[in-house]
Amino acid sequence: MHPLFAQLPVSIFEHMSGLARAHEAVNLGQGFPDFGWPDDVVRRAAEALTGEASQYPPMRGKPELREAVAGHYAAQQGLTIESEQVIVTSGATEALAASLMALIAPGDEVLLFQPLYDAYRPLVLRAGGVPRLAGLKPPGWRIDAGLIAGAFSDRTQLVVFNNPHNPTARVFDAEELALLAEACVRHDVIALTDEVWEHVLFDGRKHIPLASLPGMAERTVKVGSAGKIFSLTGWKVGWAVAAPALAAAVANVHQFLTFTTAPNLQSAVAYGLGKSDEYYEAMRARFAEARDHLAAGLEAAGYAVLPAEGTYFLNVDLAASGIATGDVDFCERAVRECGVAAIPLSALYAEAPVTNVIRLCFAKKRETLDEGIARLAKARALMRA
């Protein structure tokens, strides 16, 4: 066994979901929805399974899906993309893995923003990269000039950037994105942008792809996810979009990872990406309603809820809620003693963690949220005593 992976702990999501199953807990930890998927897209996948070929599709993806991705980004985000720039992958995480393996060499420095999706750092290390960490600070989690000045070095070759951001629920604004883009151009750095939550953002916000900023189109690999767009996380259909030379490098690695992705799911996603703006508006409205319901219930129970601008998540500040217990202890006790699972944010840091914030998933039915609120109220009463 490679020593890197022998030393890695079990993912916090697997750990907390396992505890949730063992204790029959309400699982507000793992980020999957239990409502909100479009039935017509699911039907299209079923029709394609029985009515179309089920053999290997092209390695880079079915032409209809690659064309649909390019057309979707042109219509939704004003990006000029050719279908040849799209690589279909078995989920966004595979797109990230293929990109990191393709674009960094052993010893290359890779900038990561903490807190971070837990796959980033192990993938960078396995590709031979050297993680360089920059910390976002609560409650604002903002990127500013000081953070950028200390984040890049002369050895930085690539930055991994997640927007909208999991786990903080930030949607970075135009000023923050400009700071990052200017630094990438100045330091001649490639940006790997994890934009899987690009349609799950609230309160009138609009997604700004980093690739749309000056000097970034030729140096950005943009990663997207049908699982997040259509609330079908188990499908594992994603893609990477990049300028031709970068796309070719990613494709060369992809062919030796998963090679290809289920063709019926690709057909269904291609169909779904043709949906009108009304679908996306209705989807966001449903999730915003769930967000607001969970936030109101938690605030009524005495919790200090941080703003949630995008993704399926909102965060709670334990210290501001009158709870001195650290996030790990709180989550362990909450699932074992009160029957509700959450994610401690400190598990999503590689160093200098914030230890007073927990993450909750609001992409759940009303009855699930109500039961979770009741159990979290019990947990607060227990741990404030």
# chains A, B, ... in the order shown; residues from 1 in each chain; ligands from 1

call {"tool": "residues_around", "arguments": {"residues": "region 30-44 of chain A", "least_positions_apart": "4", "cutoff": "10 Å", "atoms": "only C-alpha atoms", "output": "number ranges by chain"}}
result
A: 12-14, 16-17, 20, 48-49, 166-167, 227-234, 264-265, 267-273, 275, 279, 282-284, 286-287, 311-313, 341-343, 359-366, 368

call {"tool": "residues_around", "arguments": {"residues": "region 177-192 of chain A", "least_positions_apart": "5", "cutoff": "9 Å", "atoms": "only C-alpha atoms", "output": "PyMOL selection string"}}
result
chain A and resi 96+99-100+103+143-145+148-149+152-162+172+208-211+213-216+218-223

call {"tool": "atom_distance", "arguments": {"atom1": "CA of Pro58 (chain A)", "atom2": "CA of Arg126 (chain A)"}}
result
27.3 Å

call {"tool": "select_by_dssp", "arguments": {"residues": "region 112-288 of chain A", "states": "helix (DSSP H, G or I)", "output": "MDAnalysis selection string"}}
result
chainID A and resid 120:126 145:151 174:187 210:212 217:219 226:229 233:235 244:254 263:272 277:288

call {"tool": "closest_atom_pairs", "arguments": {"of": "region 97-192 of chain A", "to": "region 290-307 of chain A", "cutoff": "9 Å", "atoms": "only C-alpha atoms", "output": "tab-separated table"}}
result
residue	atom	partner	partner_atom	distance
A:Pro138	CA	A:Leu306	CA	8.7
A:Pro139	CA	A:Leu306	CA	6.7
A:Gly140	CA	A:Pro307	CA	8.5
A:Thr168	CA	A:Pro307	CA	8.8
A:Ala169	CA	A:Pro307	CA	7.5
A:Arg170	CA	A:Pro307	CA	8.0

call {"tool": "write_last_selection", "arguments": {"atoms": "C-alpha atoms", "output": "PDB file, in the first residue's frame"}}
result
ATOM      1  CA  PRO A 138     -15.342  33.183   9.007  1.00  0.00           C
ATOM      2  CA  PRO A 139     -17.839  34.681   9.077  1.00  0.00           C
ATOM      3  CA  GLY A 140     -17.262  36.366   5.696  1.00  0.00           C
ATOM      4  CA  THR A 168     -18.626  27.792   3.302  1.00  0.00           C
ATOM      5  CA  ALA A 169     -21.637  28.400   0.962  1.00  0.00           C
ATOM      6  CA  ARG A 170     -19.940  31.536  -0.421  1.00  0.00           C
TER       7      ARG A 170
END

call {"tool": "residues_around", "arguments": {"residues": "Ala319 (chain A)", "least_positions_apart": "6", "cutoff": "10 Å", "atoms": "only C-alpha atoms", "output": "list in words"}}
result
Tyr303, Ala304, Thr325, Gly326, Asp327, Thr355, Asn356 and Val357 of chain A

call {"tool": "atom_distance", "arguments": {"atom1": "CA of Gln114 (chain A)", "atom2": "CA of Val171 (chain A)"}}
result
14.9 Å

call {"tool": "residues_around", "arguments": {"residues": "region 237-250 of chain A", "least_positions_apart": "2", "cutoff": "6 Å", "atoms": "only C-alpha atoms", "output": "PyMOL selection string"}}
result
chain A and resi 85-92+95+98-99+102+218+221-226+235+252-253

call {"tool": "closest_residue", "arguments": {"among": "A:Ser346, A:Asn315, A:Thr260, A:Gln76", "to": "Tyr56 (chain A)", "atoms": "only C-alpha atoms"}}
result
A:Thr260

call {"tool": "closest_residue", "arguments": {"among": "A:Gly310, A:Asp317, A:Glu109, A:Ala22", "to": "Trp197 (chain A)", "atoms": "only C-alpha atoms"}}
result
A:Gly310

call {"tool": "closest_residue", "arguments": {"among": "A:Val196, A:Leu382, A:Ala127, A:Leu147", "to": "Glu337 (chain A)", "atoms": "only C-alpha atoms"}}
result
A:Leu382

call {"tool": "decode", "arguments": {"residues": "region 162-223 of chain A", "atoms": "C-alpha atoms", "output": "compact mmCIF listing (two decimals), in the first residue's frame"}}
result
# COMPACT_ATOMS: atom_id res chain seq x y z
CA ASN A 162 -14.19 26.15 -5.95
CA ASN A 163 -17.04 28.61 -6.64
CA PRO A 164 -19.76 28.52 -5.36
CA HIS A 165 -17.79 27.25 -2.42
CA ASN A 166 -18.31 24.05 -0.47
CA PRO A 167 -18.29 24.06 2.55
CA THR A 168 -18.63 27.79 3.30
CA ALA A 169 -21.64 28.40 0.96
CA ARG A 170 -19.94 31.54 -0.42
CA VAL A 171 -20.52 32.81 -3.95
CA PHE A 172 -17.42 34.86 -4.67
CA ASP A 173 -18.13 38.27 -6.16
CA ALA A 174 -16.64 40.06 -9.15
CA GLU A 175 -14.05 41.92 -7.07
CA GLU A 176 -12.76 38.72 -5.46
CA LEU A 177 -12.63 36.88 -8.78
CA ALA A 178 -10.73 39.75 -10.39
CA LEU A 179 -8.07 39.56 -7.67
CA LEU A 180 -7.63 35.85 -8.29
CA ALA A 181 -7.60 36.14 -12.07
CA GLU A 182 -5.03 38.95 -12.02
CA ALA A 183 -2.76 36.85 -9.80
CA CYS A 184 -3.10 33.83 -12.10
CA VAL A 185 -2.11 35.90 -15.13
CA ARG A 186 0.72 37.67 -13.28
CA HIS A 187 2.21 34.40 -12.03
CA ASP A 188 1.41 32.44 -15.24
CA VAL A 189 -0.67 29.91 -13.28
CA ILE A 190 -3.30 27.46 -14.55
CA ALA A 191 -6.67 27.57 -12.76
CA LEU A 192 -8.63 24.39 -12.16
CA THR A 193 -12.09 25.72 -11.34
CA ASP A 194 -14.51 23.42 -9.56
CA GLU A 195 -17.79 25.10 -10.52
CA VAL A 196 -20.16 22.20 -9.88
CA TRP A 197 -22.54 24.41 -7.86
CA GLU A 198 -22.79 27.03 -10.64
CA HIS A 199 -26.60 26.77 -10.83
CA VAL A 200 -27.26 26.38 -7.08
CA LEU A 201 -27.03 29.97 -5.89
CA PHE A 202 -29.58 32.24 -4.29
CA ASP A 203 -31.02 35.71 -3.74
CA GLY A 204 -30.56 36.87 -7.32
CA ARG A 205 -26.85 36.05 -7.53
CA LYS A 206 -25.35 35.19 -10.94
CA HIS A 207 -22.47 32.81 -11.45
CA ILE A 208 -19.33 34.37 -12.91
CA PRO A 209 -17.04 31.70 -14.40
CA LEU A 210 -13.38 32.46 -13.77
CA ALA A 211 -12.67 31.58 -17.42
CA SER A 212 -14.69 34.64 -18.49
CA LEU A 213 -12.23 37.10 -16.92
CA PRO A 214 -9.40 38.73 -18.94
CA GLY A 215 -6.53 36.38 -19.68
CA MET A 216 -8.23 33.34 -18.13
CA ALA A 217 -9.89 31.45 -21.01
CA GLU A 218 -6.59 29.96 -22.21
CA ARG A 219 -5.40 29.02 -18.69
CA THR A 220 -8.57 27.62 -17.08
CA VAL A 221 -9.98 24.10 -16.81
CA LYS A 222 -13.63 24.45 -15.80
CA VAL A 223 -15.27 21.46 -14.10
